[in-house]
file coords.cif (mmCIF, C-alpha atoms)
data_target
#
loop_
_atom_site.label_atom_id
_atom_site.label_comp_id
_atom_site.auth_asym_id
_atom_site.auth_seq_id
_atom_site.Cartn_x
_atom_site.Cartn_y
_atom_site.Cartn_z
CA MET A 1 -13.80 18.27 14.51
CA ARG A 2 -11.00 17.95 17.07
CA VAL A 3 -7.83 16.53 15.50
CA LEU A 4 -4.68 15.52 17.34
CA LEU A 5 -1.69 15.63 14.97
CA ILE A 6 1.43 13.77 16.05
CA GLY A 7 4.65 14.75 14.26
CA ALA A 8 3.49 18.15 13.02
CA ASN A 9 7.07 19.41 12.63
CA GLY A 10 8.18 16.56 10.33
CA TYR A 11 8.43 16.61 6.55
CA ILE A 12 4.92 15.30 5.89
CA GLY A 13 3.46 16.55 9.18
CA ARG A 14 4.13 20.21 8.38
CA PHE A 15 2.02 20.05 5.24
CA VAL A 16 -0.70 18.05 6.96
CA ALA A 17 -0.85 20.75 9.65
CA ASP A 18 -1.15 23.48 6.99
CA ARG A 19 -3.92 21.57 5.25
CA LEU A 20 -5.89 21.03 8.46
CA LEU A 21 -5.42 24.62 9.65
CA ALA A 22 -6.99 25.79 6.37
CA ASP A 23 -10.16 23.83 7.23
CA PRO A 24 -12.35 26.04 9.47
CA ALA A 25 -14.17 22.94 10.73
CA VAL A 26 -10.97 21.51 12.28
CA GLN A 27 -9.70 22.30 15.76
CA LEU A 28 -6.07 21.20 15.67
CA THR A 29 -3.75 20.21 18.52
CA ALA A 30 -0.13 19.27 17.75
CA LEU A 31 1.74 16.75 19.88
CA GLY A 32 5.45 16.14 19.46
CA ARG A 33 8.97 16.25 20.84
CA GLY A 34 9.79 19.81 19.73
CA ASP A 35 9.29 23.06 21.58
CA ASP A 36 6.86 24.26 18.90
CA ALA A 37 4.33 21.49 19.68
CA ASP A 38 1.20 22.38 21.64
CA VAL A 39 2.01 19.43 23.88
CA ARG A 40 5.47 17.89 24.28
CA PHE A 41 5.48 14.11 24.35
CA ASP A 42 7.97 11.53 23.10
CA LEU A 43 6.10 8.50 21.79
CA ALA A 44 9.23 6.34 21.84
CA SER A 45 9.77 6.78 25.58
CA GLY A 46 6.43 8.00 26.94
CA SER A 47 3.96 5.62 28.53
CA PRO A 48 0.58 4.67 27.03
CA GLY A 49 -1.02 5.68 30.33
CA ALA A 50 0.27 9.26 30.09
CA LEU A 51 -0.95 9.54 26.52
CA THR A 52 -4.32 8.07 27.50
CA ARG A 53 -4.80 10.78 30.13
CA PHE A 54 -4.07 13.43 27.52
CA LEU A 55 -6.50 11.85 25.03
CA ASP A 56 -9.24 11.76 27.64
CA ALA A 57 -8.63 15.45 28.40
CA VAL A 58 -8.57 16.66 24.78
CA HIS A 59 -11.09 14.10 23.46
CA PRO A 60 -10.12 14.24 19.76
CA GLY A 61 -12.29 12.69 17.08
CA VAL A 62 -9.26 11.91 14.89
CA VAL A 63 -5.63 11.14 15.72
CA ILE A 64 -3.16 11.49 12.83
CA ASN A 65 0.31 10.01 13.32
CA CYS A 66 2.95 11.51 11.01
CA ALA A 67 5.80 10.90 13.47
CA GLY A 68 8.66 8.53 12.77
CA ALA A 69 12.28 8.18 11.72
CA THR A 70 13.63 7.51 8.23
CA ARG A 71 17.31 7.21 9.16
CA GLY A 72 19.30 5.41 11.81
CA GLY A 73 20.05 1.89 12.90
CA ALA A 74 17.54 -0.89 13.43
CA ARG A 75 17.16 -0.09 17.13
CA GLU A 76 16.40 3.59 16.55
CA LEU A 77 14.02 2.86 13.68
CA THR A 78 12.18 0.29 15.80
CA ARG A 79 11.81 2.72 18.70
CA HIS A 80 10.47 5.60 16.64
CA ASN A 81 8.47 3.70 14.02
CA THR A 82 7.18 0.62 15.85
CA VAL A 83 7.28 1.12 19.62
CA ALA A 84 5.88 4.62 19.17
CA VAL A 85 2.90 3.30 17.20
CA ALA A 86 2.32 0.58 19.81
CA THR A 87 2.06 3.39 22.38
CA VAL A 88 -0.50 5.25 20.27
CA CYS A 89 -2.62 2.14 19.70
CA GLU A 90 -2.59 1.13 23.36
CA ALA A 91 -3.45 4.66 24.50
CA LEU A 92 -6.37 4.82 22.08
CA ARG A 93 -7.64 1.43 23.25
CA ARG A 94 -7.58 2.60 26.88
CA SER A 95 -9.07 6.02 26.16
CA GLY A 96 -12.75 6.77 26.11
CA CYS A 97 -12.39 9.27 23.25
CA GLY A 98 -13.16 6.70 20.51
CA ALA A 99 -10.93 8.57 18.05
CA ARG A 100 -10.24 7.41 14.52
CA LEU A 101 -6.53 6.77 13.77
CA VAL A 102 -4.85 7.79 10.52
CA GLN A 103 -1.37 6.26 10.40
CA ILE A 104 1.25 7.30 7.84
CA GLY A 105 2.90 4.22 6.41
CA CYS A 106 5.26 3.98 3.45
CA GLY A 107 5.80 2.19 0.15
CA SER A 108 9.01 0.68 1.56
CA GLU A 109 6.82 -1.78 3.45
CA TYR A 110 6.26 -3.64 0.18
CA GLY A 111 9.92 -4.09 -0.70
CA PRO A 112 11.10 -4.88 -4.25
CA SER A 113 8.53 -5.42 -6.99
CA GLN A 114 8.56 -6.69 -10.55
CA PRO A 115 9.56 -4.00 -13.10
CA GLY A 116 6.52 -2.82 -15.02
CA SER A 117 4.06 -3.84 -12.28
CA SER A 118 1.82 -1.72 -10.09
CA THR A 119 1.75 -2.67 -6.42
CA ALA A 120 -1.74 -2.95 -4.94
CA GLU A 121 -2.67 -3.10 -1.28
CA ASP A 122 -3.14 -6.88 -1.34
CA ALA A 123 0.50 -7.48 -2.33
CA VAL A 124 2.49 -9.52 0.21
CA PRO A 125 4.91 -7.12 1.91
CA ARG A 126 8.59 -8.11 1.76
CA PRO A 127 10.51 -5.06 2.98
CA GLY A 128 14.15 -4.98 1.92
CA GLY A 129 15.64 -3.07 4.87
CA PRO A 130 15.18 -2.15 8.54
CA TYR A 131 13.20 0.99 7.76
CA GLY A 132 10.57 -0.90 5.78
CA VAL A 133 10.47 -3.64 8.42
CA SER A 134 9.90 -1.13 11.22
CA LYS A 135 7.09 0.58 9.29
CA LEU A 136 5.46 -2.72 8.33
CA ALA A 137 5.47 -3.79 11.98
CA ALA A 138 3.72 -0.51 12.83
CA THR A 139 1.09 -1.16 10.15
CA GLU A 140 0.44 -4.64 11.52
CA LEU A 141 0.01 -3.18 15.02
CA VAL A 142 -2.55 -0.68 13.70
CA LEU A 143 -4.47 -3.26 11.67
CA GLY A 144 -4.58 -5.67 14.59
CA SER A 145 -5.57 -3.07 17.18
CA GLY A 146 -9.32 -3.26 16.67
CA LEU A 147 -9.42 0.52 16.32
CA ASP A 148 -11.21 2.56 13.67
CA ALA A 149 -8.00 3.02 11.69
CA VAL A 150 -6.55 3.50 8.24
CA VAL A 151 -2.91 3.27 7.11
CA LEU A 152 -1.83 5.43 4.18
CA ARG A 153 1.17 3.84 2.47
CA VAL A 154 2.93 6.86 0.99
CA PHE A 155 5.36 6.03 -1.81
CA SER A 156 8.17 8.55 -2.60
CA PRO A 157 7.18 12.02 -1.35
CA ALA A 158 8.67 15.02 -3.15
CA GLY A 159 8.23 18.79 -3.34
CA PRO A 160 8.99 21.65 -0.96
CA GLY A 161 10.75 20.66 2.22
CA THR A 162 12.33 17.57 0.65
CA PRO A 163 15.20 16.57 2.98
CA ALA A 164 18.64 17.45 1.61
CA GLY A 165 19.81 13.91 2.38
CA SER A 166 17.13 12.23 0.25
CA PRO A 167 17.93 11.13 -3.33
CA LEU A 168 16.11 14.08 -4.90
CA GLY A 169 17.61 16.43 -2.33
CA ARG A 170 21.09 15.13 -3.10
CA LEU A 171 20.45 15.54 -6.80
CA ALA A 172 19.42 19.19 -6.38
CA GLU A 173 22.41 19.90 -4.16
CA ALA A 174 24.83 18.31 -6.65
CA MET A 175 23.36 20.45 -9.42
CA ARG A 176 23.55 23.61 -7.31
CA ARG A 177 27.23 23.00 -6.62
CA ALA A 178 27.95 22.30 -10.28
CA MET A 179 26.30 25.57 -11.32
CA GLN A 180 28.03 27.48 -8.55
CA SER A 181 31.46 26.21 -9.62
CA GLY A 182 30.75 26.53 -13.34
CA ASP A 183 31.11 22.82 -14.07
CA GLY A 184 30.02 21.99 -17.62
CA GLU A 185 29.19 18.41 -16.72
CA LEU A 186 27.65 16.66 -13.75
CA LYS A 187 28.61 13.07 -13.05
CA LEU A 188 26.16 11.13 -10.91
CA ALA A 189 25.63 7.57 -9.79
CA GLY A 190 22.41 5.74 -8.96
CA LEU A 191 20.14 7.20 -11.66
CA GLY A 192 18.77 3.92 -12.96
CA VAL A 193 16.11 3.27 -10.32
CA GLN A 194 12.45 4.07 -10.99
CA ARG A 195 10.19 5.38 -8.25
CA ASP A 196 6.63 6.60 -7.83
CA PHE A 197 7.04 10.23 -6.74
CA ILE A 198 4.09 11.98 -5.11
CA ASP A 199 4.03 15.62 -4.05
CA VAL A 200 3.91 16.10 -0.30
CA ARG A 201 1.00 18.54 -0.65
CA ASP A 202 -1.01 15.84 -2.40
CA VAL A 203 -0.11 13.54 0.50
CA ALA A 204 -1.52 16.13 2.91
CA ARG A 205 -4.76 16.22 0.90
CA ALA A 206 -4.97 12.44 1.16
CA VAL A 207 -4.48 12.57 4.94
CA HIS A 208 -7.23 15.18 5.22
CA ALA A 209 -9.57 13.04 3.12
CA ALA A 210 -8.76 9.92 5.16
CA SER A 211 -9.52 11.71 8.42
CA LEU A 212 -13.01 12.54 7.12
CA SER A 213 -13.73 9.14 5.57
CA ALA A 214 -14.85 5.82 7.02
CA ALA A 215 -12.22 3.87 5.06
CA GLN A 216 -10.19 1.31 6.99
CA GLY A 217 -7.22 -0.92 6.22
CA VAL A 218 -4.34 0.03 3.93
CA ILE A 219 -4.54 2.60 1.12
CA ASN A 220 -1.70 3.42 -1.27
CA ILE A 221 -0.84 7.07 -1.87
CA GLY A 222 1.25 7.67 -4.97
CA SER A 223 1.09 9.07 -8.47
CA GLY A 224 0.54 5.68 -10.09
CA ARG A 225 3.52 6.26 -12.40
CA ALA A 226 7.13 5.19 -12.00
CA VAL A 227 9.76 7.72 -13.09
CA ARG A 228 13.40 6.91 -13.75
CA LEU A 229 15.67 9.03 -11.58
CA ARG A 230 17.76 10.05 -14.60
CA ASP A 231 14.58 11.46 -16.18
CA ALA A 232 13.88 13.38 -12.95
CA ALA A 233 17.45 14.71 -13.15
CA ALA A 234 16.83 15.94 -16.71
CA VAL A 235 13.65 17.74 -15.62
CA LEU A 236 15.49 19.28 -12.67
CA ALA A 237 18.25 20.50 -14.99
CA ARG A 238 15.65 22.15 -17.20
CA VAL A 239 13.85 23.95 -14.38
CA ALA A 240 17.20 24.97 -12.86
CA GLY A 241 18.51 26.28 -16.17
CA TYR A 242 21.54 24.02 -16.01
CA GLY A 243 22.96 23.68 -19.50
CA GLY A 244 25.72 21.22 -18.72
CA ALA A 245 25.85 17.54 -19.56
CA LEU A 246 24.58 14.85 -17.18
CA HIS A 247 26.67 11.68 -17.09
CA GLU A 248 25.66 8.53 -15.28
CA LEU A 249 28.44 6.60 -13.54
CA ASP A 250 26.64 3.35 -12.77
CA ALA A 251 28.47 1.46 -15.49
CA SER A 252 31.49 3.61 -16.30
CA PRO A 253 34.60 4.56 -14.31
CA GLY A 254 35.68 8.11 -13.59
CA PRO A 255 35.74 10.77 -10.88
CA LEU A 256 32.55 11.01 -8.86
CA ARG A 257 31.07 14.49 -8.79
CA GLY A 258 27.87 13.49 -6.98
CA THR A 259 25.96 10.46 -5.79
CA LEU A 260 22.35 9.97 -4.84
CA GLY A 261 22.71 7.24 -2.28
CA GLY A 262 26.08 8.23 -0.85
CA PRO A 263 29.50 7.15 -2.20
CA ARG A 264 30.96 3.76 -1.41
CA VAL A 265 34.47 2.64 -2.34
CA ASP A 266 34.74 -0.87 -3.74
CA PRO A 267 38.13 -2.24 -2.61
CA ASP A 268 38.57 -4.07 -5.93
CA HIS A 269 38.07 -0.97 -8.07
CA ALA A 270 39.48 2.52 -8.04
CA ALA A 271 36.24 4.23 -8.98
CA PRO A 272 33.52 4.81 -6.35
CA VAL A 273 30.16 3.16 -6.89
CA ALA A 274 26.73 4.11 -5.59
CA TYR A 275 24.82 2.66 -2.71
CA PRO A 276 21.51 1.09 -3.72
CA TYR A 277 18.56 3.45 -3.55
CA PRO A 278 18.15 3.68 0.24
CA ASP A 279 14.56 2.45 0.63
CA GLY A 280 15.29 -1.24 0.05
CA CYS A 281 12.85 -1.48 -2.86
CA GLY A 282 15.20 -2.44 -5.66
CA SER A 283 15.09 -0.95 -9.14
CA TRP A 284 11.34 -0.40 -9.55
CA GLN A 285 8.33 0.75 -7.58
CA GLN A 286 4.96 1.94 -8.77
CA ALA A 287 1.75 2.24 -6.78
CA ASP A 288 -1.69 1.05 -7.75
CA VAL A 289 -3.74 4.01 -6.50
CA ARG A 290 -7.25 2.91 -7.46
CA THR A 291 -8.23 2.31 -3.83
CA ALA A 292 -7.41 5.92 -2.90
CA ARG A 293 -9.55 7.11 -5.79
CA ASP A 294 -12.47 4.85 -4.96
CA ARG A 295 -12.50 5.05 -1.15
CA LEU A 296 -11.12 8.54 -0.48
CA GLY A 297 -12.17 10.37 -3.64
CA TRP A 298 -8.52 11.40 -3.95
CA ARG A 299 -6.34 11.88 -7.00
CA PRO A 300 -2.89 13.49 -7.27
CA ARG A 301 -2.97 17.03 -8.64
CA ILE A 302 0.64 18.25 -8.65
CA ASN A 303 2.97 16.95 -11.36
CA LEU A 304 6.59 16.02 -10.83
CA GLU A 305 7.93 19.06 -12.68
CA GLU A 306 6.25 21.38 -10.18
CA SER A 307 7.57 19.29 -7.28
CA LEU A 308 11.11 19.42 -8.70
CA ALA A 309 10.85 23.17 -9.30
CA ASP A 310 10.05 23.66 -5.62
CA ILE A 311 12.93 21.39 -4.59
CA TRP A 312 15.25 23.42 -6.80
CA MET A 313 14.03 26.75 -5.47
CA GLU A 314 14.96 25.69 -1.94
CA ALA A 315 18.32 24.24 -3.01
CA ALA A 316 19.21 27.38 -4.99
CA CYS A 317 18.63 29.53 -1.90
CA ARG A 318 20.96 27.38 0.19
CA ILE A 319 24.33 28.97 0.91
#
call {"tool": "encode", "arguments": {"input": "coords.cif", "output": "structure tokens"}}
result
Amino acid sequence: MRVLLIGANGYIGRFVADRLLADPAVQLTALGRGDDADVRFDLASGSPGALTRFLDAVHPGVVINCAGATRGGARELTRHNTVAVATVCEALRRSGCGARLVQIGCGSEYGPSQPGSSTAEDAVPRPGGPYGVSKLAATELVLGSGLDAVVLRVFSPAGPGTPAGSPLGRLAEAMRRAMQSGDGELKLAGLGVQRDFIDVRDVARAVHAASLSAAQGVINIGSGRAVRLRDAAAVLARVAGYGGALHELDASPGPLRGTLGGPRVDPDHAAPVAYPYPDGCGSWQQADVRTARDRLGWRPRINLEESLADIWMEAACRI
């Protein structure tokens, strides 16, 4: 099976590439903006016609799009998350390869949900920020393209390679600095949110399964269980061997030793407060993952403690 992987050097894309390379039945070609790609191509600025010519030459059976941006302003997010996907869809429509498209979406497309609920694929999306809006627009382009396509809405990926600027990455870095300086307590803000964390290696397994399946439409990829960030912090402290106290600053004043969303100074108060969790999904998010089980034969295998241990191992090695 010839597979064209777009965004192979990204956080999710790297693990998808590893998963596909381990399958002897897959012949993999990587397309991206970096020098390490087999073919260099910028989806945000390249033309559909140029991509069509490449598709006709390579003739893949599956195209997997892991490319995109998670940070930046609305214009940048739109270019890399929406315009780029429009280019892929148009190129596939023009091409004679007839490839199946596997698009990586995100849980942020849904926006805030009711605490205690599980979000299924038929929920009405109401993204709470420009990132979720740009990804939802990409999903709508894919679903309306007429292609053989599936969108995997990945909730909160975790595990090795977690970006240092993400909430879990910031948490690990704050703990590393506390241990390095000998601090007996770690004061953090923004620990009250609950998210559905899913290991990035389980995400890669889901992408592999989707590329082999006939499933179409939207499929949630998550653990099916919301975890409070303060509980994740306690697990991280245990695996790191941090014996100090963890104090949450959401409701109490005091010096800020670390923050998960980035510090913000409220002009009416002396103490810094935390940004909201940066995905625009409010205080709660939990995926209903029954569709992934039923249509892909996929279930998560890696628990959050293992994911956090891998995040900590990388943080501890950082100088």
call {"tool": "closest_residue", "arguments": {"input": "coords.cif", "among": "A:Thr70, A:Val218, A:Ile104, A:Gly146", "to": "Pro125 (chain A)", "atoms": "only C-alpha atoms"}}
result
A:Val218
call {"tool": "resolve_selection", "arguments": {"input": "coords.cif", "expression": "the PyMOL selection byres ((chain A and resi 245) around 8)", "output": "ChimeraX atom specification"}}
result
/A:184-186,243-244,246-247
call {"tool": "resolve_selection", "arguments": {"input": "coords.cif", "expression": "the PyMOL selection byres ((chain A and resi 229) around 8)", "output": "short mmCIF file (atom, residue, chain, number, x, y, z; two decimals) with C-alpha atoms, in the frame of the given file"}}
result
data_model
loop_
_atom_site.label_atom_id
_atom_site.label_comp_id
_atom_site.auth_asym_id
_atom_site.auth_seq_id
_atom_site.Cartn_x
_atom_site.Cartn_y
_atom_site.Cartn_z
CA GLY A 190 22.41 5.74 -8.96
CA LEU A 191 20.14 7.20 -11.66
CA GLY A 192 18.77 3.92 -12.96
CA VAL A 193 16.11 3.27 -10.32
CA GLN A 194 12.45 4.07 -10.99
CA ARG A 195 10.19 5.38 -8.25
CA VAL A 227 9.76 7.72 -13.09
CA ARG A 228 13.40 6.91 -13.75
CA ARG A 230 17.76 10.05 -14.60
CA ASP A 231 14.58 11.46 -16.18
CA ALA A 232 13.88 13.38 -12.95
CA ALA A 233 17.45 14.71 -13.15
#
call {"tool": "closest_residue", "arguments": {"input": "coords.cif", "among": "A:Ala215, A:Leu308, A:Val200, A:Gln286", "to": "Ala237 (chain A)", "atoms": "only C-alpha atoms"}}
result
A:Leu308
call {"tool": "resolve_selection", "arguments": {"input": "coords.cif", "expression": "the PyMOL selection byres ((chain A and resi 105) around 7)", "output": "list in words"}}
result
Gln103, Ile104, Cys106, Lys135, Thr139, Val151, Leu152, Arg153 and Val154 of chain A
call {"tool": "atom_distance", "arguments": {"input": "coords.cif", "atom1": "CA of Gly7 (chain A)", "atom2": "CA of Leu31 (chain A)"}}
result
6.6 Å
call {"tool": "residues_near_point", "arguments": {"input": "coords.cif", "point": "(-11.8, 12.8, 18.6)", "cutoff": "12 Å", "atoms": "all atoms listed in the file", "output": "VMD selection string"}}
result
chain A and resid 1 to 5 26 to 29 54 to 64 92 95 to 102 148 211 to 212
call {"tool": "closest_residue", "arguments": {"input": "coords.cif", "among": "A:Ala91, A:Ala67, A:Leu21, A:Ile198", "to": "Gly159 (chain A)", "atoms": "all atoms listed in the file"}}
result
A:Ile198
call {"tool": "closest_residue", "arguments": {"input": "coords.cif", "among": "A:Ala44, A:Val133, A:Cys281, A:Cys89", "to": "Leu147 (chain A)", "atoms": "all atoms listed in the file"}}
result
A:Cys89
call {"tool": "residues_near_point", "arguments": {"input": "coords.cif", "point": "(9.5, -3.0, 4.3)", "cutoff": "9 Å", "atoms": "only C-alpha atoms", "output": "list of chain:residue names"}}
result
A:Cys106, A:Gly107, A:Ser108, A:Glu109, A:Tyr110, A:Gly111, A:Pro112, A:Pro125, A:Arg126, A:Pro127, A:Gly128, A:Gly129, A:Pro130, A:Tyr131, A:Gly132, A:Val133, A:Ser134, A:Lys135, A:Leu136, A:Ala137, A:Asp279, A:Gly280, A:Cys281
call {"tool": "write_last_selection", "arguments": {"input": "coords.cif", "atoms": "C-alpha atoms", "output": "PDB file, in the frame of the given file"}}
result
ATOM      1  CA  CYS A 106       5.260   3.980   3.450  1.00  0.00           C
ATOM      2  CA  GLY A 107       5.800   2.190   0.150  1.00  0.00           C
ATOM      3  CA  SER A 108       9.010   0.680   1.560  1.00  0.00           C
ATOM      4  CA  GLU A 109       6.820  -1.780   3.450  1.00  0.00           C
ATOM      5  CA  TYR A 110       6.260  -3.640   0.180  1.00  0.00           C
ATOM      6  CA  GLY A 111       9.920  -4.090  -0.700  1.00  0.00           C
ATOM      7  CA  PRO A 112      11.100  -4.880  -4.250  1.00  0.00           C
ATOM      8  CA  PRO A 125       4.910  -7.120   1.910  1.00  0.00           C
ATOM      9  CA  ARG A 126       8.590  -8.110   1.760  1.00  0.00           C
ATOM     10  CA  PRO A 127      10.510  -5.060   2.980  1.00  0.00           C
ATOM     11  CA  GLY A 128      14.150  -4.980   1.920  1.00  0.00           C
ATOM     12  CA  GLY A 129      15.640  -3.070   4.870  1.00  0.00           C
ATOM     13  CA  PRO A 130      15.180  -2.150   8.540  1.00  0.00           C
ATOM     14  CA  TYR A 131      13.200   0.990   7.760  1.00  0.00           C
ATOM     15  CA  GLY A 132      10.570  -0.900   5.780  1.00  0.00           C
ATOM     16  CA  VAL A 133      10.470  -3.640   8.420  1.00  0.00           C
ATOM     17  CA  SER A 134       9.900  -1.130  11.220  1.00  0.00           C
ATOM     18  CA  LYS A 135       7.090   0.580   9.290  1.00  0.00           C
ATOM     19  CA  LEU A 136       5.460  -2.720   8.330  1.00  0.00           C
ATOM     20  CA  ALA A 137       5.470  -3.790  11.980  1.00  0.00           C
ATOM     21  CA  ASP A 279      14.560   2.450   0.630  1.00  0.00           C
ATOM     22  CA  GLY A 280      15.290  -1.240   0.050  1.00  0.00           C
ATOM     23  CA  CYS A 281      12.850  -1.480  -2.860  1.00  0.00           C
TER      24      CYS A 281
END
call {"tool": "closest_residue", "arguments": {"input": "coords.cif", "among": "A:Asp196, A:Glu173, A:Glu76, A:Glu140", "to": "Glu314 (chain A)", "atoms": "all atoms listed in the file"}}
result
A:Glu173
call {"tool": "atom_distance", "arguments": {"input": "coords.cif", "atom1": "CA of Val142 (chain A)", "atom2": "CA of Ala86 (chain A)"}}
result
7.9 Å
call {"tool": "atom_distance", "arguments": {"input": "coords.cif", "atom1": "CA of Ala8 (chain A)", "atom2": "CA of Arg33 (chain A)"}}
result
9.7 Å
call {"tool": "closest_residue", "arguments": {"input": "coords.cif", "among": "A:Ile221, A:Leu249, A:Val16, A:Met175", "to": "Lys187 (chain A)", "atoms": "all atoms listed in the file"}}
result
A:Leu249
call {"tool": "axis_aligned_box", "arguments": {"input": "coords.cif", "around": "region 128-131 of chain A", "padding_each_side": "4 Å", "output": "JSON"}}
result
{"center_x": 14.4, "center_y": -2.0, "center_z": 5.2, "size_x": 10.4, "size_y": 14.0, "size_z": 14.6}
call {"tool": "residues_around", "arguments": {"input": "coords.cif", "residues": "Gly297 (chain A)", "least_positions_apart": "2", "cutoff": "10 Å", "atoms": "only C-alpha atoms", "output": "list in words"}}
result
Ala206, Ala209, Ala210, Ser213, Arg290, Thr291, Ala292, Arg293, Asp294, Arg295 and Arg299 of chain A
call {"tool": "decode", "arguments": {"input": "coords.cif", "residues": "region 27-39 of chain A", "atoms": "N, CA and C atoms", "output": "mmCIF file, in the first residue's frame"}}
result
data_model
loop_
_atom_site.group_PDB
_atom_site.id
_atom_site.type_symbol
_atom_site.label_atom_id
_atom_site.label_comp_id
_atom_site.auth_asym_id
_atom_site.auth_seq_id
_atom_site.Cartn_x
_atom_site.Cartn_y
_atom_site.Cartn_z
ATOM 1 N N GLN A 27 4.322 1.281 1.817
ATOM 2 C CA GLN A 27 5.398 2.025 1.164
ATOM 3 C C GLN A 27 5.124 3.508 1.431
ATOM 4 N N LEU A 28 5.960 4.119 2.257
ATOM 5 C CA LEU A 28 5.676 5.451 2.783
ATOM 6 C C LEU A 28 6.474 6.532 2.072
ATOM 7 N N THR A 29 5.776 7.618 1.728
ATOM 8 C CA THR A 29 6.420 8.833 1.219
ATOM 9 C C THR A 29 5.979 9.984 2.105
ATOM 10 N N ALA A 30 6.948 10.792 2.572
ATOM 11 C CA ALA A 30 6.653 11.917 3.456
ATOM 12 C C ALA A 30 6.739 13.225 2.673
ATOM 13 N N LEU A 31 5.716 14.038 2.819
ATOM 14 C CA LEU A 31 5.670 15.350 2.181
ATOM 15 C C LEU A 31 5.555 16.413 3.264
ATOM 16 N N GLY A 32 6.378 17.452 3.175
ATOM 17 C CA GLY A 32 6.322 18.494 4.181
ATOM 18 C C GLY A 32 7.201 19.674 3.839
ATOM 19 N N ARG A 33 7.284 20.615 4.785
ATOM 20 C CA ARG A 33 8.058 21.834 4.570
ATOM 21 C C ARG A 33 9.521 21.686 4.960
ATOM 22 N N GLY A 34 9.846 20.669 5.770
ATOM 23 C CA GLY A 34 11.202 20.514 6.278
ATOM 24 C C GLY A 34 12.143 19.826 5.310
ATOM 25 N N ASP A 35 13.428 19.965 5.585
ATOM 26 C CA ASP A 35 14.450 19.352 4.740
ATOM 27 C C ASP A 35 14.454 17.834 4.842
ATOM 28 N N ASP A 36 13.884 17.300 5.938
ATOM 29 C CA ASP A 36 13.899 15.853 6.122
ATOM 30 C C ASP A 36 12.752 15.156 5.397
ATOM 31 N N ALA A 37 11.866 15.902 4.760
ATOM 32 C CA ALA A 37 10.761 15.299 4.003
ATOM 33 C C ALA A 37 11.282 14.706 2.695
ATOM 34 N N ASP A 38 10.632 13.641 2.238
ATOM 35 C CA ASP A 38 10.995 13.075 0.937
ATOM 36 C C ASP A 38 10.729 14.089 -0.169
ATOM 37 N N VAL A 39 9.654 14.831 -0.016
ATOM 38 C CA VAL A 39 9.284 15.867 -0.975
ATOM 39 C C VAL A 39 8.934 17.136 -0.205
#
